[in-house]
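To be precise, the following lines are model_27.tsv, and they hold TSV, C-alpha atoms.
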chain	number	residue	atom	x	y	z
K	1	MET	CA	57.14	-30.10	-6.96
K	2	PRO	CA	58.33	-26.58	-6.04
K	3	GLY	CA	56.44	-25.25	-9.03
K	4	SER	CA	53.16	-26.85	-7.87
K	5	GLN	CA	53.59	-25.44	-4.36
K	6	ALA	CA	54.14	-21.98	-5.79
K	7	ARG	CA	50.99	-22.30	-7.88
K	8	ASN	CA	49.00	-23.42	-4.80
K	9	ARG	CA	50.23	-20.40	-2.84
K	10	VAL	CA	49.22	-18.09	-5.67
K	11	ARG	CA	45.79	-19.73	-5.88
K	12	ASP	CA	45.29	-19.46	-2.11
K	13	ARG	CA	46.36	-15.83	-2.17
K	14	ASN	CA	43.85	-15.10	-4.90
K	15	ASN	CA	41.06	-16.97	-3.11
K	16	VAL	CA	39.55	-14.30	-0.89
K	17	GLN	CA	37.52	-16.72	1.22
K	18	ASN	CA	40.72	-18.38	2.52
K	19	ARG	CA	41.90	-15.18	4.16
K	20	PRO	CA	41.77	-15.20	8.00
K	21	GLU	CA	39.18	-12.40	8.23
K	22	PHE	CA	36.81	-14.37	5.96
K	23	LEU	CA	37.24	-17.82	7.45
K	24	SER	CA	33.98	-17.46	9.43
K	25	LEU	CA	32.10	-17.33	6.16
K	26	ASN	CA	33.18	-20.89	5.42
K	27	GLN	CA	32.04	-22.16	8.82
K	28	PRO	CA	28.72	-24.07	8.75
K	29	GLY	CA	25.89	-22.56	10.78
K	30	PRO	CA	24.61	-24.22	13.94
K	31	LYS	CA	21.61	-25.67	12.16
K	32	GLU	CA	23.66	-26.85	9.19
K	33	SER	CA	26.30	-28.57	11.32
K	34	SER	CA	23.81	-30.24	13.64
K	35	GLU	CA	21.12	-31.20	11.14
K	36	GLY	CA	23.17	-31.94	8.02
K	37	GLY	CA	23.13	-28.72	6.02
K	38	PRO	CA	20.57	-26.18	4.91
K	39	ALA	CA	18.35	-28.77	3.24
K	40	ALA	CA	17.49	-30.30	6.66
K	41	ASP	CA	16.27	-26.91	7.93
K	42	GLY	CA	14.23	-25.99	4.96
K	43	GLY	CA	16.83	-25.68	2.21
K	44	PRO	CA	17.72	-22.57	0.29
K	45	LYS	CA	14.23	-21.20	0.86
K	46	ASP	CA	14.97	-20.54	4.55
K	47	ALA	CA	18.48	-19.32	3.78
K	48	SER	CA	17.07	-16.68	1.47
K	49	ARG	CA	15.01	-15.27	4.34
K	50	TRP	CA	17.88	-14.74	6.77
K	51	PRO	CA	19.16	-11.44	5.36
K	52	GLU	CA	15.58	-10.11	5.21
K	53	GLN	CA	14.96	-11.00	8.85
K	54	ASP	CA	18.20	-9.41	10.05
K	55	CYS	CA	17.90	-6.20	8.07
K	56	MET	CA	17.31	-2.82	9.72
K	57	GLN	CA	14.84	-0.29	8.31
K	58	LEU	CA	16.92	2.85	7.83
K	59	ASN	CA	14.32	4.80	5.82
K	60	PRO	CA	11.06	4.95	7.88
K	61	THR	CA	8.00	6.37	6.19
K	62	PHE	CA	6.70	9.87	6.79
K	63	ARG	CA	3.56	8.41	8.32
K	64	GLY	CA	5.58	6.43	10.86
K	65	ILE	CA	7.66	9.47	11.77
K	66	ALA	CA	4.53	11.59	12.22
K	67	ILE	CA	2.77	9.00	14.42
K	68	ASN	CA	5.83	8.48	16.61
K	69	SER	CA	6.30	12.24	16.99
K	70	LEU	CA	2.67	12.75	17.99
K	71	LEU	CA	2.87	9.92	20.53
K	72	ALA	CA	6.04	11.42	22.01
K	73	ILE	CA	4.38	14.84	22.32
K	74	ASP	CA	1.30	13.22	23.87
K	75	ILE	CA	3.35	11.39	26.51
K	76	SER	CA	5.47	14.44	27.30
K	77	LEU	CA	2.51	16.81	27.71
K	78	SER	CA	0.53	14.26	29.73
K	79	LYS	CA	3.41	13.84	32.20
K	80	ARG	CA	3.83	17.59	32.53
K	81	LEU	CA	0.11	18.07	33.18
K	82	GLY	CA	0.09	15.38	35.89
K	83	MET	CA	0.40	17.98	38.63
K	84	CYS	CA	-1.73	16.10	41.17
K	85	VAL	CA	-0.08	12.71	40.87
K	86	GLY	CA	1.57	12.37	44.28
K	87	ALA	CA	1.63	13.97	47.71
K	88	HIS	CA	4.72	16.00	46.80
K	89	SER	CA	3.57	17.16	43.37
K	90	PRO	CA	3.00	20.86	42.58
K	91	GLY	CA	-0.79	20.44	42.67
K	92	ALA	CA	-0.86	18.38	45.87
K	93	PRO	CA	-3.13	20.90	47.72
K	94	LEU	CA	-5.76	20.45	45.00
K	95	ARG	CA	-5.49	16.68	44.87
K	96	SER	CA	-8.56	16.02	47.06
K	97	MET	CA	-10.77	18.33	45.02
K	98	VAL	CA	-9.54	16.85	41.74
K	99	ASN	CA	-10.18	13.33	43.06
K	100	LEU	CA	-13.72	14.34	44.01
K	101	LEU	CA	-14.29	15.81	40.56
K	102	ALA	CA	-13.00	12.61	38.92
K	103	PHE	CA	-15.26	10.52	41.15
K	104	THR	CA	-18.33	12.30	39.74
K	105	GLY	CA	-17.52	10.65	36.41
K	106	HIS	CA	-17.06	7.16	37.86
K	107	ALA	CA	-19.43	4.36	36.90
K	108	PHE	CA	-20.32	3.44	40.49
K	109	PRO	CA	-22.28	6.59	41.50
K	110	TRP	CA	-24.07	6.84	38.16
K	111	MET	CA	-25.15	3.20	38.09
K	112	CYS	CA	-26.31	3.25	41.72
K	113	GLY	CA	-28.01	6.62	41.33
K	114	THR	CA	-29.89	5.51	38.23
K	115	LEU	CA	-31.09	2.32	39.91
K	116	ILE	CA	-32.29	4.23	42.98
K	117	CYS	CA	-34.13	6.80	40.85
K	118	LEU	CA	-35.71	4.00	38.80
K	119	TRP	CA	-36.87	2.23	41.94
K	120	ARG	CA	-38.49	5.41	43.30
K	121	SER	CA	-39.96	6.60	40.00
K	122	ASN	CA	-43.74	6.41	39.61
K	123	THR	CA	-44.23	7.79	36.10
K	124	LEU	CA	-43.98	5.89	32.84
K	125	ALA	CA	-42.05	8.71	31.15
K	126	GLY	CA	-39.52	8.88	33.98
K	127	GLN	CA	-39.04	5.11	33.98
K	128	GLU	CA	-38.55	5.14	30.20
K	129	VAL	CA	-35.77	7.73	30.43
K	130	LEU	CA	-34.10	5.98	33.37
K	131	VAL	CA	-34.12	2.53	31.73
K	132	ASN	CA	-32.52	3.93	28.60
K	133	LEU	CA	-29.96	5.79	30.71
K	134	LEU	CA	-29.14	2.56	32.54
K	135	LEU	CA	-28.67	0.73	29.24
K	136	ALA	CA	-26.47	3.58	27.99
K	137	LEU	CA	-24.30	3.33	31.11
K	138	CYS	CA	-23.97	-0.44	30.67
K	139	LEU	CA	-23.08	0.01	27.00
K	140	ASP	CA	-20.42	2.58	27.88
K	141	LEU	CA	-19.01	0.41	30.67
K	142	MET	CA	-18.69	-2.74	28.55
K	143	THR	CA	-17.40	-1.02	25.42
K	144	VAL	CA	-14.67	0.95	27.20
K	145	ALA	CA	-13.63	-2.09	29.27
K	146	GLY	CA	-13.35	-4.20	26.12
K	147	MET	CA	-11.27	-1.58	24.29
K	148	GLN	CA	-8.98	-1.13	27.29
K	149	LYS	CA	-8.47	-4.88	27.51
K	150	LEU	CA	-7.68	-4.99	23.81
K	151	VAL	CA	-5.24	-2.06	23.68
K	152	LYS	CA	-3.72	-2.44	27.18
K	153	ARG	CA	-2.12	0.99	27.20
K	154	LYS	CA	-0.72	2.09	30.53
K	155	GLY	CA	-1.05	5.57	31.97
K	156	PRO	CA	1.71	8.19	31.78
K	157	TRP	CA	2.79	7.50	35.37
K	158	ASP	CA	1.88	3.80	35.43
K	159	TYR	CA	0.18	3.88	38.83
K	160	PRO	CA	-1.84	0.79	39.84
K	161	PRO	CA	-5.63	1.21	39.64
K	162	GLY	CA	-7.68	1.51	42.80
K	163	LEU	CA	-10.47	-0.69	44.12
K	164	LEU	CA	-13.24	1.31	42.42
K	165	ASP	CA	-11.35	1.15	39.15
K	166	TYR	CA	-11.22	-2.62	39.38
K	167	LEU	CA	-14.97	-2.74	40.13
K	168	ALA	CA	-15.69	-0.61	37.06
K	169	MET	CA	-13.15	-2.56	34.95
K	170	ASP	CA	-11.30	0.74	34.37
K	171	ILE	CA	-7.80	-0.76	34.57
K	172	TYR	CA	-5.93	0.58	31.54
K	173	SER	CA	-5.49	4.03	30.07
K	174	PHE	CA	-6.97	3.99	26.56
K	175	PRO	CA	-9.70	5.12	26.16
K	176	ALA	CA	-10.56	7.23	29.22
K	177	ALA	CA	-13.71	5.74	30.75
K	178	HIS	CA	-14.53	8.79	32.88
K	179	ALA	CA	-14.35	11.10	29.87
K	180	SER	CA	-16.55	8.82	27.76
K	181	ARG	CA	-19.12	8.47	30.51
K	182	ALA	CA	-19.19	12.19	31.32
K	183	VAL	CA	-19.83	13.20	27.71
K	184	MET	CA	-22.45	10.50	27.21
K	185	VAL	CA	-24.33	11.48	30.40
K	186	CYS	CA	-24.00	15.17	29.58
K	187	LYS	CA	-25.54	14.76	26.13
K	188	PHE	CA	-28.22	12.43	27.48
K	189	LEU	CA	-29.33	14.86	30.20
K	190	LEU	CA	-29.27	17.86	27.88
K	191	ASN	CA	-31.42	15.99	25.37
K	192	HIS	CA	-34.04	14.74	27.83
K	193	LEU	CA	-34.18	17.44	30.51
K	194	VAL	CA	-35.35	21.03	30.16
K	195	LEU	CA	-32.52	23.08	31.67
K	196	ALA	CA	-31.72	26.76	31.74
K	197	VAL	CA	-28.80	28.05	29.71
K	198	PRO	CA	-26.46	28.47	32.75
K	199	LEU	CA	-27.11	24.87	33.80
K	200	ARG	CA	-26.45	23.63	30.29
K	201	ILE	CA	-23.12	25.47	30.24
K	202	LEU	CA	-22.22	24.04	33.66
K	203	LEU	CA	-23.04	20.54	32.45
K	204	TYR	CA	-20.71	20.91	29.45
K	205	LEU	CA	-18.03	22.37	31.73
K	206	TRP	CA	-18.42	19.46	34.15
K	207	ALA	CA	-17.93	16.89	31.40
K	208	PHE	CA	-14.79	18.66	30.20
K	209	LEU	CA	-13.33	19.01	33.70
K	210	VAL	CA	-13.92	15.33	34.47
K	211	GLY	CA	-11.68	14.42	31.56
K	212	VAL	CA	-9.05	17.00	32.56
K	213	SER	CA	-9.05	15.73	36.15
K	214	ARG	CA	-7.92	12.29	35.01
K	215	VAL	CA	-4.95	13.85	33.23
K	216	LEU	CA	-4.07	15.92	36.30
K	217	LEU	CA	-4.11	12.75	38.40
K	218	GLY	CA	-1.76	11.03	35.95
K	219	LYS	CA	-4.28	8.31	35.07
K	220	HIS	CA	-4.65	9.05	31.35
K	221	HIS	CA	-2.88	10.65	28.42
K	222	LEU	CA	-4.38	13.56	26.56
K	223	SER	CA	-5.12	11.30	23.60
K	224	ASP	CA	-6.95	8.86	25.92
K	225	VAL	CA	-9.26	11.63	27.10
K	226	GLY	CA	-9.84	12.93	23.57
K	227	CYS	CA	-10.80	9.45	22.34
K	228	GLY	CA	-12.98	9.04	25.42
K	229	PHE	CA	-14.89	12.22	24.55
K	230	ALA	CA	-15.44	10.98	20.99
K	231	LEU	CA	-16.54	7.56	22.24
K	232	GLY	CA	-19.05	9.19	24.60
K	233	PHE	CA	-20.66	11.05	21.67
K	234	LEU	CA	-20.81	7.77	19.76
K	235	HIS	CA	-22.50	5.96	22.65
K	236	PHE	CA	-25.09	8.72	22.99
K	237	SER	CA	-25.89	8.61	19.27
K	238	LEU	CA	-26.20	4.82	19.38
K	239	VAL	CA	-28.57	4.86	22.36
K	240	GLU	CA	-30.73	7.54	20.73
K	241	SER	CA	-30.95	5.49	17.55
K	242	VAL	CA	-32.14	2.34	19.39
K	243	TRP	CA	-34.29	4.13	21.97
K	244	LEU	CA	-36.58	1.76	23.87
K	245	ASP	CA	-40.20	2.84	24.08
K	246	SER	CA	-42.28	2.86	27.24
K	247	ALA	CA	-43.87	-0.56	26.63
K	248	THR	CA	-40.50	-2.24	26.19
K	249	CYS	CA	-39.16	-0.55	29.30
K	250	GLN	CA	-42.12	-1.74	31.34
K	251	THR	CA	-41.54	-5.28	30.09
K	252	LEU	CA	-37.90	-5.11	31.19
K	253	ILE	CA	-38.87	-3.70	34.58
K	254	SER	CA	-41.45	-6.45	35.12
K	255	PHE	CA	-38.93	-9.11	34.10
K	256	ALA	CA	-36.31	-7.71	36.47
K	257	TRP	CA	-38.83	-7.52	39.30
K	258	THR	CA	-39.83	-11.15	38.70
K	259	LEU	CA	-36.21	-12.24	38.89
K	260	HIS	CA	-35.75	-10.26	42.11
K	261	GLN	CA	-38.71	-11.99	43.77
Rewrite the structure of this file - the entire thing - as structure tokens.
Amino acid sequence: MPGSQARNRVRDRNNVQNRPEFLSLNQPGPKESSEGGPAADGGPKDASRWPEQDCMQLNPTFRGIAINSLLAIDISLSKRLGMCVGAHSPGAPLRSMVNLLAFTGHAFPWMCGTLICLWRSNTLAGQEVLVNLLLALCLDLMTVAGMQKLVKRKGPWDYPPGLLDYLAMDIYSFPAAHASRAVMVCKFLLNHLVLAVPLRILLYLWAFLVGVSRVLLGKHHLSDVGCGFALGFLHFSLVESVWLDSATCQTLISFAWTLHQ
């Protein structure tokens, strides 16, 4: 009898799992104890996934490091450039002028202005250009609103959008709707209007400053504005490729006038 007890003590001492610090390893999990073991919860197949789910990735890829670094730089620079965000910001005296400059790239004045010019136009060539401009503005508005709804990126200062932003569905940050619209309108006017060289330079400068104004107001990141510029070029190219001729424009105008009456 004493010999068997001694052998049991030796066996217990050699059994690592019976040590106090390893007793938790012998305890059944909550799912095993409540549902009758690992087979009731999916068997060994689920148990083999637990370590993979709880693991931590300690060796991120170079691509992930580069993307995260660029995003961090983008956020940091965008916050530093938001000099007209509040009433007590360094650029507070220029806030009204920057707001006015940003408003020139809003959808509301361009849509209303195009409709008024189309209503007062008496030439077929003018109506053709204005109808295509109106379709380009609608394309830009819907595309940017859809992308913003899909990405749902907030601005660097996370300020709530205003009433005009809600009307234009310009709620989120990416991509910048004002920048996209300014570049699209700039390219459209330069392609269909005969302008002197100083006016052409001013038009390019206006489009660029509209995008910068949104960064100064803390509404967008620098990457949002850059993608907005690229999207504006894409919209212009798309509208030029599917340009509606004068006969089609007259049909659309007649159909709209019939609906109005």
Write out as a PyMOL selection string which residues come within 9 Å of K:Phe188 when counting all atoms listed in the file, dropping same-chain ones fewer than 3 positions away.
-> chain K and resi 133+183-185+191-193+236+240
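Proximity of K:Tyr166, K:Trp157, K:Phe103, K:Trp110 to K:Lys79, computed with only C-alpha atoms, is greatest for K:Trp157.
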K:Pro160 environment, 12 Å, only C-alpha atoms, sequence neighbours closer than 5 positions dropped, as a PyMOL selection string | chain K and resi 154-155+165-166+170-173+218-219
Among the residues K:Gln148, K:Ala87, K:Pro156, K:Ala136, the one that comes closest to K:Leu222 [using only C-alpha atoms] |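 Ranking K:Gln148, K:Ala87, K:Pro156, K:Ala136 by distance to K:Leu222, first place goes to K:Pro156.
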If you measure from atom CA of K:Val151 to atom CA of K:Asp224, what distance in Å do you get, rounded to one decimal?
->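 Distance between the two atoms: 11.3 Å.
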Find the residues around K:Val129 up to 12 Å (only C-alpha atoms counted), leave out those fewer than 3 positions away in its own chain, and share them as a PDB file with C-alpha atoms, in the coordinates of the input.
ATOM      1  CA  THR K 114     -29.890   5.510  38.230  1.00  0.00           C
ATOM      2  CA  LEU K 115     -31.090   2.320  39.910  1.00  0.00           C
ATOM      3  CA  CYS K 117     -34.130   6.800  40.850  1.00  0.00           C
ATOM      4  CA  LEU K 118     -35.710   4.000  38.800  1.00  0.00           C
ATOM      5  CA  SER K 121     -39.960   6.600  40.000  1.00  0.00           C
ATOM      6  CA  THR K 123     -44.230   7.790  36.100  1.00  0.00           C
ATOM      7  CA  LEU K 124     -43.980   5.890  32.840  1.00  0.00           C
ATOM      8  CA  ALA K 125     -42.050   8.710  31.150  1.00  0.00           C
ATOM      9  CA  GLY K 126     -39.520   8.880  33.980  1.00  0.00           C
ATOM     10  CA  ASN K 132     -32.520   3.930  28.600  1.00  0.00           C
ATOM     11  CA  LEU K 133     -29.960   5.790  30.710  1.00  0.00           C
ATOM     12  CA  LEU K 134     -29.140   2.560  32.540  1.00  0.00           C
ATOM     13  CA  LEU K 135     -28.670   0.730  29.240  1.00  0.00           C
ATOM     14  CA  ALA K 136     -26.470   3.580  27.990  1.00  0.00           C
ATOM     15  CA  PHE K 188     -28.220  12.430  27.480  1.00  0.00           C
ATOM     16  CA  LEU K 189     -29.330  14.860  30.200  1.00  0.00           C
ATOM     17  CA  ASN K 191     -31.420  15.990  25.370  1.00  0.00           C
ATOM     18  CA  HIS K 192     -34.040  14.740  27.830  1.00  0.00           C
ATOM     19  CA  LEU K 193     -34.180  17.440  30.510  1.00  0.00           C
ATOM     20  CA  VAL K 239     -28.570   4.860  22.360  1.00  0.00           C
ATOM     21  CA  GLU K 240     -30.730   7.540  20.730  1.00  0.00           C
ATOM     22  CA  TRP K 243     -34.290   4.130  21.970  1.00  0.00           C
ATOM     23  CA  LEU K 244     -36.580   1.760  23.870  1.00  0.00           C
ATOM     24  CA  ASP K 245     -40.200   2.840  24.080  1.00  0.00           C
ATOM     25  CA  SER K 246     -42.280   2.860  27.240  1.00  0.00           C
ATOM     26  CA  THR K 248     -40.500  -2.240  26.190  1.00  0.00           C
ATOM     27  CA  CYS K 249     -39.160  -0.550  29.300  1.00  0.00           C
ATOM     28  CA  GLN K 250     -42.120  -1.740  31.340  1.00  0.00           C
TER      29      GLN K 250
END
Give me, please, the distance in Å between atom CA of K:Ser223 and atom CA of K:Asp74, quoted to one decimal.
->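 Distance reported for this atom pair: 6.7 Å.
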Can you pull out every residue within 10 Å of stretch 197-209 of chain K, counting only C-alpha atoms, but drop anything in the same chain fewer than 3 positions away, and send it as a count of residues only?
-> 25
For atom CA of K:His235 and atom CA of K:Ile253, the interatomic separation in Å (one decimal) |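 Result for atom CA of K:His235 versus atom CA of K:Ile253: 22.4 Å, one decimal.
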Point out the residue among K:Leu137, K:Leu216, K:Leu150, K:Met97 with the least atom-to-atom distance to K:Gly232, counting all atoms listed in the file.
->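 The answer is K:Leu137, which sits nearest to K:Gly232.
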K:Leu234, K:Leu77, K:Leu70, K:Leu259 ranked by distance to K:Leu139, top pick (using only C-alpha atoms) |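 Looking at the shortest contact to K:Leu139, the residue is K:Leu234.
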Centre, edges in Å (one decimal): axis-aligned box, stretch 233-236 of chain K, 3 Å padding on all six sides, as JSON:
{"center_x": -22.9, "center_y": 8.5, "center_z": 21.4, "size_x": 10.4, "size_y": 11.1, "size_z": 9.2}
Closest of K:Val131, K:Ala176, K:Ala230, K:Met147 to K:His106 - atom-to-atom distances counting only C-alpha atoms |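 Among the listed residues, K:Ala176 lies closest to K:His106.
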Is there a way to complete stretch 222-236 of chain K with N, CA, C and O atoms and then write that out as a CSV table (one decimal), keeping the file's coordinate frame?
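In the end it all went to part-v1.csv:
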chain,number,residue,atom,x,y,z
K,222,LEU,N,-3.5,12.6,27.2
K,222,LEU,CA,-4.4,13.6,26.6
K,222,LEU,C,-5.1,12.9,25.4
K,222,LEU,O,-6.3,13.1,25.2
K,223,SER,N,-4.5,12.0,24.7
K,223,SER,CA,-5.1,11.3,23.6
K,223,SER,C,-6.2,10.3,24.1
K,223,SER,O,-7.2,10.1,23.5
K,224,ASP,N,-6.0,9.8,25.3
K,224,ASP,CA,-7.0,8.9,25.9
K,224,ASP,C,-8.2,9.6,26.2
K,224,ASP,O,-9.3,9.1,26.0
K,225,VAL,N,-8.1,10.8,26.8
K,225,VAL,CA,-9.3,11.6,27.1
K,225,VAL,C,-10.0,12.1,25.8
K,225,VAL,O,-11.2,12.1,25.8
K,226,GLY,N,-9.2,12.5,24.8
K,226,GLY,CA,-9.8,12.9,23.6
K,226,GLY,C,-10.6,11.8,22.9
K,226,GLY,O,-11.8,12.0,22.5
K,227,CYS,N,-10.1,10.6,22.9
K,227,CYS,CA,-10.8,9.4,22.3
K,227,CYS,C,-12.0,9.1,23.2
K,227,CYS,O,-13.0,8.6,22.7
K,228,GLY,N,-11.8,9.3,24.5
K,228,GLY,CA,-13.0,9.0,25.4
K,228,GLY,C,-14.1,10.0,25.2
K,228,GLY,O,-15.3,9.6,25.1
K,229,PHE,N,-13.8,11.3,24.9
K,229,PHE,CA,-14.9,12.2,24.6
K,229,PHE,C,-15.6,11.8,23.3
K,229,PHE,O,-16.8,11.8,23.2
K,230,ALA,N,-14.8,11.4,22.3
K,230,ALA,CA,-15.4,11.0,21.0
K,230,ALA,C,-16.3,9.7,21.2
K,230,ALA,O,-17.4,9.6,20.6
K,231,LEU,N,-15.8,8.8,22.0
K,231,LEU,CA,-16.5,7.6,22.2
K,231,LEU,C,-17.8,7.8,23.0
K,231,LEU,O,-18.9,7.2,22.8
K,232,GLY,N,-17.8,8.8,23.9
K,232,GLY,CA,-19.0,9.2,24.6
K,232,GLY,C,-20.1,9.7,23.6
K,232,GLY,O,-21.3,9.4,23.8
K,233,PHE,N,-19.7,10.6,22.7
K,233,PHE,CA,-20.7,11.0,21.7
K,233,PHE,C,-21.2,9.9,20.9
K,233,PHE,O,-22.4,9.9,20.5
K,234,LEU,N,-20.4,8.9,20.5
K,234,LEU,CA,-20.8,7.8,19.8
K,234,LEU,C,-21.8,6.9,20.5
K,234,LEU,O,-22.8,6.5,20.0
K,235,HIS,N,-21.6,6.7,21.8
K,235,HIS,CA,-22.5,6.0,22.6
K,235,HIS,C,-23.9,6.7,22.7
K,235,HIS,O,-24.9,6.0,22.7
K,236,PHE,N,-23.8,8.0,22.9
K,236,PHE,CA,-25.1,8.7,23.0
K,236,PHE,C,-25.9,8.6,21.7
K,236,PHE,O,-27.1,8.3,21.7
